[in-house]
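Novice: I have a structure I would like to understand better, so I am pasting it below and will then ask my questions one at a time.
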Amino acid sequence: RTIVNGIETLLFTPVTDPDAAAALTRARALFTSLQAGKIDRAAMTPALNDYFSDAVLTDFAESLGPLGEVEDFTQSSFEDRGGMANRVFKIKAGGKTLTMDSYLMPDGKWEQCLIFAE
């Protein structure tokens, strides 16, 4: 029974995010900066900086900017993924629901950020 209880705990106990509040603030700031087509490049890894070319930032601004003010921004999941923090956020803006899937390196730099409509 002890082994079964241990396995159940591993499988069914949700992982809590110790940095949830700060992560939510940072993710929301990144989203609003993408709406404006401008990012803090110092907060990105080289790979993500390469991805966010001027054309890509323009595309984000043209697709996200018209949504206007964010109505709701919540974190829906967190997991440690190979040393990176994977956080998923749900965003409501302009009558749409979006998902932001992100990865942050241990040093706090953004490694990946995908935003898509539900």
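Starting from 1 in every chain, residues are counted up; chains themselves are A, B, ... following the order of the structure tokens, and ligands are numbered from 1 as listed.
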From a DSSP pass on the backbone, collect the residues of chain A flagged as helix (DSSP H, G or I) and hand them back as a short mmCIF file (atom, residue, chain, number, x, y, z; two decimals) with C-alpha atoms, in the first residue's frame.

Specialist:
```
data_model
loop_
_atom_site.label_atom_id
_atom_site.label_comp_id
_atom_site.auth_asym_id
_atom_site.auth_seq_id
_atom_site.Cartn_x
_atom_site.Cartn_y
_atom_site.Cartn_z
CA THR A 2 2.91 2.37 0.74
CA ILE A 3 4.26 1.94 -2.78
CA VAL A 4 0.82 2.47 -4.34
CA ASN A 5 0.33 5.65 -2.28
CA GLY A 6 3.75 6.90 -3.37
CA ILE A 7 2.99 6.27 -7.04
CA GLU A 8 -0.40 7.98 -6.74
CA THR A 9 1.26 11.01 -5.16
CA LEU A 10 3.77 11.23 -8.00
CA LEU A 11 1.13 10.82 -10.69
CA PHE A 12 -1.71 12.88 -9.32
CA ALA A 20 3.58 31.94 -10.45
CA ALA A 21 2.81 35.57 -9.55
CA ALA A 22 6.02 36.97 -11.02
CA ALA A 23 5.73 34.72 -14.09
CA LEU A 24 2.19 35.94 -14.74
CA THR A 25 3.32 39.57 -14.59
CA ARG A 26 6.24 38.92 -16.95
CA ALA A 27 4.13 36.93 -19.42
CA ARG A 28 1.45 39.59 -19.53
CA ALA A 29 4.11 42.25 -20.15
CA LEU A 30 5.56 40.16 -22.98
CA PHE A 31 2.13 39.73 -24.52
CA THR A 32 1.38 43.48 -24.43
CA SER A 33 4.82 44.25 -25.86
CA LEU A 34 4.12 41.83 -28.72
CA GLN A 35 0.83 43.63 -29.31
CA ALA A 36 2.92 46.77 -29.82
CA ARG A 41 15.64 41.74 -26.44
CA ALA A 42 17.79 41.48 -23.30
CA ALA A 43 15.08 39.24 -21.83
CA PRO A 46 19.76 34.37 -28.78
CA ALA A 47 17.51 31.78 -30.44
CA LEU A 48 14.32 33.66 -29.58
CA ASN A 49 15.90 36.96 -30.59
CA ASP A 50 16.67 35.42 -33.98
CA TYR A 51 13.06 34.26 -34.29
CA ASP A 54 11.23 42.74 -37.63
CA ALA A 55 8.80 40.91 -39.93
CA VAL A 56 7.70 38.54 -37.16
CA LEU A 57 7.23 41.41 -34.70
CA THR A 58 5.15 43.25 -37.28
CA ASP A 59 3.03 40.13 -37.76
CA PHE A 60 2.47 39.83 -33.99
CA ALA A 61 1.54 43.51 -33.75
CA GLU A 62 -0.88 43.28 -36.68
CA SER A 63 -2.60 40.17 -35.32
CA LEU A 64 -2.55 40.86 -31.57
CA GLY A 65 -2.70 44.66 -31.48
CA PRO A 66 -6.29 44.95 -32.74
CA LEU A 67 -7.48 42.74 -29.87
#
```

Novice: Determine, counting only C-alpha atoms, which protein, DNA and RNA residues have an atom within 12 Å of an atom of Glu79 of chain A; residues of the same chain fewer than 2 positions away are not included. Present the result as number ranges by chain.

Specialist: A: 14-20, 75-77, 81-88, 101-104

Novice: Pick out each residue of chain A that DSSP on the backbone tags as strand (DSSP E or B); I need them as JSON, numbers by chain.

Specialist: {"A": [44, 70, 71, 72, 73, 74, 75, 76, 77, 78, 79, 80, 81, 84, 85, 86, 87, 88, 89, 90, 91, 92, 93, 96, 97, 98, 99, 100, 101, 102, 103, 104, 110, 111, 112, 113, 114, 115, 116, 117]}

Novice: Include N, CA, C and O atoms and write out the residues we just selected as a compact mmCIF listing (two decimals), in the first residue's frame.

Specialist:
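So the final result, stored in out-v7.txt, reads:
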```txt
# COMPACT_ATOMS: atom_id res chain seq x y z
N MET A 44 15.50 37.89 -23.83
CA MET A 44 15.36 36.74 -24.72
C MET A 44 16.69 36.01 -24.89
O MET A 44 17.74 36.63 -24.83
N VAL A 70 -6.24 43.53 -22.62
CA VAL A 70 -6.39 42.16 -22.13
C VAL A 70 -7.49 42.16 -21.08
O VAL A 70 -7.47 42.96 -20.14
N GLU A 71 -8.46 41.28 -21.25
CA GLU A 71 -9.57 41.18 -20.31
C GLU A 71 -9.26 40.21 -19.18
O GLU A 71 -9.69 40.40 -18.04
N ASP A 72 -8.51 39.15 -19.49
CA ASP A 72 -8.15 38.15 -18.48
C ASP A 72 -6.86 37.48 -18.90
O ASP A 72 -6.65 37.21 -20.09
N PHE A 73 -6.00 37.22 -17.94
CA PHE A 73 -4.70 36.60 -18.20
C PHE A 73 -4.40 35.70 -17.02
O PHE A 73 -4.19 36.18 -15.91
N THR A 74 -4.42 34.39 -17.24
CA THR A 74 -4.20 33.45 -16.15
C THR A 74 -3.21 32.36 -16.58
O THR A 74 -3.10 32.03 -17.76
N GLN A 75 -2.50 31.83 -15.59
CA GLN A 75 -1.60 30.71 -15.85
C GLN A 75 -2.40 29.43 -15.71
O GLN A 75 -3.08 29.22 -14.71
N SER A 76 -2.32 28.56 -16.72
CA SER A 76 -3.09 27.33 -16.68
C SER A 76 -2.24 26.09 -16.37
O SER A 76 -2.77 25.07 -15.95
N SER A 77 -0.93 26.18 -16.59
CA SER A 77 -0.09 25.03 -16.24
C SER A 77 1.36 25.44 -16.06
O SER A 77 1.79 26.49 -16.54
N PHE A 78 2.08 24.58 -15.37
CA PHE A 78 3.51 24.78 -15.13
C PHE A 78 4.16 23.41 -15.02
O PHE A 78 3.60 22.49 -14.42
N GLU A 79 5.34 23.28 -15.62
CA GLU A 79 6.15 22.09 -15.40
C GLU A 79 7.60 22.41 -15.67
O GLU A 79 7.93 23.32 -16.44
N ASP A 80 8.46 21.68 -15.00
CA ASP A 80 9.89 21.78 -15.23
C ASP A 80 10.20 20.85 -16.39
O ASP A 80 9.90 19.67 -16.34
N ARG A 81 10.78 21.40 -17.43
CA ARG A 81 11.03 20.63 -18.64
C ARG A 81 12.50 20.71 -18.99
O ARG A 81 12.94 21.70 -19.58
N MET A 84 14.16 23.86 -17.97
CA MET A 84 13.42 25.07 -18.34
C MET A 84 12.06 25.04 -17.67
O MET A 84 11.51 23.97 -17.40
N ALA A 85 11.51 26.20 -17.43
CA ALA A 85 10.16 26.30 -16.89
C ALA A 85 9.19 26.46 -18.06
O ALA A 85 9.30 27.40 -18.83
N ASN A 86 8.30 25.49 -18.19
CA ASN A 86 7.25 25.57 -19.21
C ASN A 86 5.99 26.07 -18.54
O ASN A 86 5.49 25.46 -17.60
N ARG A 87 5.52 27.22 -19.00
CA ARG A 87 4.29 27.80 -18.46
C ARG A 87 3.33 28.06 -19.60
O ARG A 87 3.72 28.56 -20.65
N VAL A 88 2.08 27.74 -19.37
CA VAL A 88 1.03 27.98 -20.35
C VAL A 88 0.04 28.95 -19.73
O VAL A 88 -0.35 28.80 -18.57
N PHE A 89 -0.34 29.95 -20.50
CA PHE A 89 -1.25 30.99 -20.04
C PHE A 89 -2.47 31.04 -20.95
O PHE A 89 -2.38 30.80 -22.16
N LYS A 90 -3.61 31.37 -20.37
CA LYS A 90 -4.84 31.61 -21.12
C LYS A 90 -5.08 33.11 -21.12
O LYS A 90 -5.01 33.76 -20.07
N ILE A 91 -5.38 33.63 -22.28
CA ILE A 91 -5.54 35.07 -22.45
C ILE A 91 -6.89 35.33 -23.10
O ILE A 91 -7.24 34.67 -24.09
N LYS A 92 -7.63 36.29 -22.56
CA LYS A 92 -8.86 36.74 -23.21
C LYS A 92 -8.69 38.20 -23.57
O LYS A 92 -8.35 39.03 -22.73
N ALA A 93 -8.89 38.48 -24.85
CA ALA A 93 -8.76 39.84 -25.36
C ALA A 93 -9.57 39.96 -26.65
O ALA A 93 -9.57 39.02 -27.45
N LYS A 96 -11.70 37.11 -27.91
CA LYS A 96 -11.05 35.84 -28.29
C LYS A 96 -10.32 35.25 -27.10
O LYS A 96 -9.91 35.96 -26.19
N THR A 97 -10.17 33.93 -27.13
CA THR A 97 -9.37 33.23 -26.13
C THR A 97 -8.11 32.71 -26.80
O THR A 97 -8.20 32.03 -27.83
N LEU A 98 -6.98 33.06 -26.24
CA LEU A 98 -5.68 32.67 -26.79
C LEU A 98 -4.92 31.83 -25.77
O LEU A 98 -5.18 31.92 -24.56
N THR A 99 -3.98 31.07 -26.27
CA THR A 99 -3.06 30.32 -25.42
C THR A 99 -1.65 30.81 -25.71
O THR A 99 -1.27 30.98 -26.86
N MET A 100 -0.90 31.05 -24.64
CA MET A 100 0.51 31.42 -24.75
C MET A 100 1.31 30.30 -24.09
O MET A 100 1.20 30.07 -22.89
N ASP A 101 2.08 29.59 -24.89
CA ASP A 101 2.92 28.50 -24.41
C ASP A 101 4.36 29.01 -24.39
O ASP A 101 4.87 29.44 -25.42
N SER A 102 4.98 29.00 -23.21
CA SER A 102 6.30 29.61 -23.10
C SER A 102 7.28 28.71 -22.36
O SER A 102 6.89 27.88 -21.55
N TYR A 103 8.54 28.92 -22.67
CA TYR A 103 9.64 28.26 -21.98
C TYR A 103 10.63 29.33 -21.53
O TYR A 103 11.00 30.20 -22.32
N LEU A 104 11.05 29.23 -20.27
CA LEU A 104 12.05 30.13 -19.73
C LEU A 104 13.25 29.33 -19.27
O LEU A 104 13.11 28.27 -18.66
N TRP A 110 13.56 34.28 -21.83
CA TRP A 110 12.57 33.59 -22.65
C TRP A 110 13.29 32.78 -23.72
O TRP A 110 14.11 33.32 -24.46
N GLU A 111 12.96 31.51 -23.83
CA GLU A 111 13.53 30.65 -24.87
C GLU A 111 12.51 30.38 -25.97
O GLU A 111 12.87 30.18 -27.13
N GLN A 112 11.24 30.37 -25.61
CA GLN A 112 10.20 30.10 -26.60
C GLN A 112 8.92 30.82 -26.17
O GLN A 112 8.62 30.89 -24.99
N CYS A 113 8.18 31.27 -27.14
CA CYS A 113 6.88 31.89 -26.87
C CYS A 113 6.00 31.69 -28.11
O CYS A 113 6.28 32.23 -29.17
N LEU A 114 4.98 30.88 -27.93
CA LEU A 114 4.01 30.64 -29.00
C LEU A 114 2.66 31.15 -28.53
O LEU A 114 2.25 30.89 -27.39
N ILE A 115 1.97 31.85 -29.39
CA ILE A 115 0.62 32.34 -29.05
C ILE A 115 -0.30 31.88 -30.16
O ILE A 115 -0.03 32.11 -31.34
N PHE A 116 -1.40 31.23 -29.76
CA PHE A 116 -2.33 30.75 -30.76
C PHE A 116 -3.76 30.84 -30.23
O PHE A 116 -4.00 30.82 -29.03
N ALA A 117 -4.70 30.95 -31.16
CA ALA A 117 -6.11 31.02 -30.81
C ALA A 117 -6.62 29.63 -30.46
O ALA A 117 -6.17 28.63 -30.99
```

Novice: Rank nothing, just name the residue among A:Glu118, A:Phe52, A:Gly94, A:Thr45 nearest to Glu69 of chain A, using only C-alpha atoms.

Specialist: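 Of all the options, A:Gly94 lies closest to Glu69 of chain A.
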